[in-house]
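Reviewing the structure listed below.
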Amino acid sequence: GEENYCGCLYHEGLMEVLHDDALLPHFKELADAIQLSNGIRRINIDNLELRPSALGILFPAMEGKVKRIDMRCIRFPGPDVVECYEIIATSIKRNHALNSLTWIGNQIPSDDQADLLIESLIVNRAIKDIRMENCFNQDGVNGCRALTSLMTSGRPFQELDFSDNGLLGVDDAAAALATNPQLEKLFMNENQLNDRDAELIAKALDRNTKLQELYLGRNNITPAGFEKIRSTIYDP
């Protein structure tokens, strides 16, 4: 039969839904429905507080069934955050139906959790598209390091989106881009990139033949910075 879209956990624009043990039977019903389906094209999970008890029901059920996971504005309670990330990362590694992860507005609390999540995305070679927006722009959580890890993993990706993450000083990410990774589209909109970053990116593009699309809008790059990139692309 035709694959389905699951939006029953999509609460954008509504009040955050807090965890309640009374909801666990409903998570079990959803998990059973996913397992009985012919496959889920996409599941949207938005504006929820999720604890290990709910994640432990839902995420294993998605393995081998769900192609795209879209999670936005999810809150993991402090005492449970390590276990929550462990459940999600373990499941991502095992879900070889999964080809796309969207992770927007889910603030990653530490580099340890970031490393755990990024490793799972690298290990699962079925994943081709990754959107991680507005999740690294906290003190001490390094979005550039995460992006660099993905680009130096040797994995082919169609799209990496690291917009709105406070990125600045992209030396390592630019160096990774210069190694000509198997990446078609790179989004770094709405960060804090400046003309120095633009120069580093321009130098990287001079050695990159695989990237087809690059998005740098709404940064702190001046026309002079964009000119360096333009001249690299059009006047090699």
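Letters for chains follow the order of the structure tokens (A, B, ...), residue numbers begin at 1 for each chain, and ligand numbers begin at 1 in the order shown.
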Please identify every residue of stretch 180-234 of chain A that has at least one atom no farther than 6 Å from an atom of stretch 147-167 of chain A, counting only C-alpha atoms, and for each give the shortest atom pair and the distance in Å to one decimal, arranged by chain then increasing number, as CSV.
```
residue,atom,partner,partner_atom,distance
A:Pro181,CA,A:Met151,CA,6.0
A:Gln182,CA,A:Pro156,CA,4.6
A:Leu183,CA,A:Phe157,CA,4.9
A:Glu184,CA,A:Gln158,CA,4.9
A:Lys185,CA,A:Glu159,CA,4.6
A:Leu186,CA,A:Leu160,CA,5.1
A:Phe187,CA,A:Asp161,CA,4.5
A:Met188,CA,A:Ser163,CA,4.5
A:Asn189,CA,A:Ser163,CA,4.6
A:Glu190,CA,A:Asp164,CA,4.7
A:Asn191,CA,A:Gly166,CA,4.7
A:Gln192,CA,A:Gly166,CA,5.5
```
Using N, CA and C atoms, can you export the residues from the last selection as a tab-separated table (two decimals), in the first residue's frame?
```tsv
chain	number	residue	atom	x	y	z
A	181	PRO	N	34.35	17.00	-0.09
A	181	PRO	CA	33.46	15.92	0.38
A	181	PRO	C	32.31	15.69	-0.57
A	182	GLN	N	31.69	14.52	-0.46
A	182	GLN	CA	30.55	14.18	-1.30
A	182	GLN	C	29.29	14.85	-0.75
A	183	LEU	N	29.18	16.14	-1.03
A	183	LEU	CA	28.08	16.96	-0.52
A	183	LEU	C	27.57	17.84	-1.65
A	184	GLU	N	26.25	17.82	-1.86
A	184	GLU	CA	25.66	18.58	-2.96
A	184	GLU	C	25.18	19.97	-2.53
A	185	LYS	N	24.56	20.07	-1.35
A	185	LYS	CA	23.99	21.34	-0.91
A	185	LYS	C	24.41	21.63	0.53
A	186	LEU	N	24.84	22.88	0.78
A	186	LEU	CA	25.24	23.30	2.12
A	186	LEU	C	24.55	24.62	2.46
A	187	PHE	N	23.81	24.61	3.56
A	187	PHE	CA	23.09	25.79	4.03
A	187	PHE	C	23.75	26.30	5.32
A	188	MET	N	24.16	27.56	5.30
A	188	MET	CA	24.68	28.21	6.51
A	188	MET	C	24.07	29.60	6.66
A	189	ASN	N	22.80	29.72	6.37
A	189	ASN	CA	22.09	30.99	6.51
A	189	ASN	C	21.95	31.38	7.99
A	190	GLU	N	21.77	32.67	8.21
A	190	GLU	CA	21.40	33.18	9.55
A	190	GLU	C	22.38	32.79	10.64
A	191	ASN	N	23.66	32.85	10.33
A	191	ASN	CA	24.69	32.63	11.33
A	191	ASN	C	25.41	33.96	11.60
A	192	GLN	N	26.66	33.91	12.04
A	192	GLN	CA	27.42	35.12	12.32
A	192	GLN	C	28.67	35.19	11.44
```
**Report entry** Polymer residues at most 9 Å from stretch 106-120 of chain A, only C-alpha atoms, same-chain spacing of 2 or more positions, as a ChimeraX atom specification
**Finding:** /A:71-76,78,81-82,85-86,88-94,103-104,122-124,132-138,140-143,146-147,149-150
Report task. Go through stretch 26-236 of chain A and collect every residue that DSSP, computed from the backbone, puts in helix (DSSP H, G or I); the answer should be as a PyMOL selection string. Result -> chain A and resi 26-36+52-62+78-94+111-123+143-151+171-178+195-205+223-234
Requested in this report: Tell me, in Å to one decimal, how far atom CA of A:Lys65 is from atom CA of A:Leu36.
Outcome: 9.3 Å
Query raised in the report: Could you pull out the strand (DSSP E or B) residues of chain A from DSSP and send them as a PyMOL selection string?
Result: chain A and resi 4-9+17+40-46+48-49+66+68-72+75+100-104+129-133+157-161+183-187+213-215
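Shortest separation to A:Leu55 among A:Arg41, A:Arg218, A:Lys67, A:Lys28 occurs at residue A:Lys28, atoms counted being only C-alpha atoms.
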Would you kindly return, as a short mmCIF file (atom, residue, chain, number, x, y, z; two decimals) with all heavy atoms, in the first residue's frame, each protein, DNA or RNA residue with an atom no farther than 10 Å from any atom of A:His11, considering only C-alpha atoms and excluding same-chain residues fewer than 5 positions away?
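Everything below was put into around11.cif:
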```cif
data_model
loop_
_atom_site.label_atom_id
_atom_site.label_comp_id
_atom_site.auth_asym_id
_atom_site.auth_seq_id
_atom_site.Cartn_x
_atom_site.Cartn_y
_atom_site.Cartn_z
N GLU A 16 3.02 24.04 24.57
CA GLU A 16 3.85 22.85 24.70
C GLU A 16 3.08 21.76 25.45
O GLU A 16 2.44 22.01 26.46
CB GLU A 16 5.14 23.19 25.46
CG GLU A 16 6.05 21.98 25.65
CD GLU A 16 7.25 22.30 26.53
OE1 GLU A 16 7.11 23.13 27.45
OE2 GLU A 16 8.32 21.71 26.30
N VAL A 17 3.16 20.55 24.92
CA VAL A 17 2.53 19.41 25.57
C VAL A 17 3.55 18.79 26.51
O VAL A 17 4.58 18.26 26.07
CB VAL A 17 2.05 18.38 24.53
CG1 VAL A 17 1.44 17.17 25.24
CG2 VAL A 17 1.03 19.02 23.59
N ASN A 44 6.21 13.92 11.96
CA ASN A 44 6.51 15.22 12.55
C ASN A 44 6.23 15.18 14.05
O ASN A 44 5.14 14.79 14.48
CB ASN A 44 5.65 16.32 11.91
CG ASN A 44 6.17 16.73 10.55
OD1 ASN A 44 6.18 15.92 9.62
ND2 ASN A 44 6.60 17.96 10.42
N ILE A 45 7.23 15.59 14.83
CA ILE A 45 7.11 15.63 16.29
C ILE A 45 7.48 17.04 16.71
O ILE A 45 8.61 17.48 16.49
CB ILE A 45 8.04 14.60 16.96
CG1 ILE A 45 7.80 13.20 16.37
CG2 ILE A 45 7.83 14.58 18.46
CD1 ILE A 45 8.83 12.17 16.80
N ASP A 46 6.55 17.78 17.29
CA ASP A 46 6.75 19.21 17.48
C ASP A 46 6.17 19.67 18.81
O ASP A 46 5.05 19.30 19.19
CB ASP A 46 6.05 19.97 16.33
CG ASP A 46 6.39 21.45 16.30
OD1 ASP A 46 6.00 22.15 17.23
OD2 ASP A 46 7.06 21.89 15.36
N ASN A 47 6.98 20.50 19.52
CA ASN A 47 6.49 21.22 20.70
C ASN A 47 6.03 20.28 21.81
O ASN A 47 4.96 20.45 22.40
CB ASN A 47 5.34 22.16 20.29
CG ASN A 47 5.24 23.37 21.20
OD1 ASN A 47 6.20 23.73 21.88
ND2 ASN A 47 4.09 24.01 21.21
N LEU A 48 6.87 19.29 22.10
CA LEU A 48 6.57 18.32 23.13
C LEU A 48 7.70 18.26 24.16
O LEU A 48 8.86 18.53 23.85
CB LEU A 48 6.43 16.91 22.55
CG LEU A 48 5.28 16.60 21.60
CD1 LEU A 48 5.43 15.17 21.09
CD2 LEU A 48 3.96 16.77 22.32
N ARG A 72 10.97 19.26 16.12
CA ARG A 72 11.14 20.68 16.33
C ARG A 72 10.65 21.08 17.71
O ARG A 72 9.60 20.63 18.17
CB ARG A 72 10.37 21.49 15.26
CG ARG A 72 10.70 21.08 13.84
CD ARG A 72 9.94 21.90 12.83
NE ARG A 72 10.17 21.38 11.48
CZ ARG A 72 10.34 22.12 10.40
NH1 ARG A 72 10.30 23.44 10.50
NH2 ARG A 72 10.53 21.58 9.22
N CYS A 73 11.43 21.95 18.36
CA CYS A 73 11.03 22.52 19.65
C CYS A 73 10.69 21.43 20.65
O CYS A 73 9.66 21.49 21.34
CB CYS A 73 9.86 23.49 19.48
SG CYS A 73 10.19 24.86 18.35
#
```
Requested in this report: Report the distance between atom CA of A:Leu193 and atom CA of A:Ser100 in Å, rounded to one decimal place.
Outcome: 26.0 Å
**Report entry** Point-to-point distance in Å for atom CA of A:Tyr234 and atom CA of A:Lys210
**Finding:** 15.3 Å
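With only C-alpha atoms as the atoms that count, the minimum distance from A:Asn194 to the choices A:Gln212, A:Asp206, A:Ala178, A:Asn220 is reached by A:Asn220.
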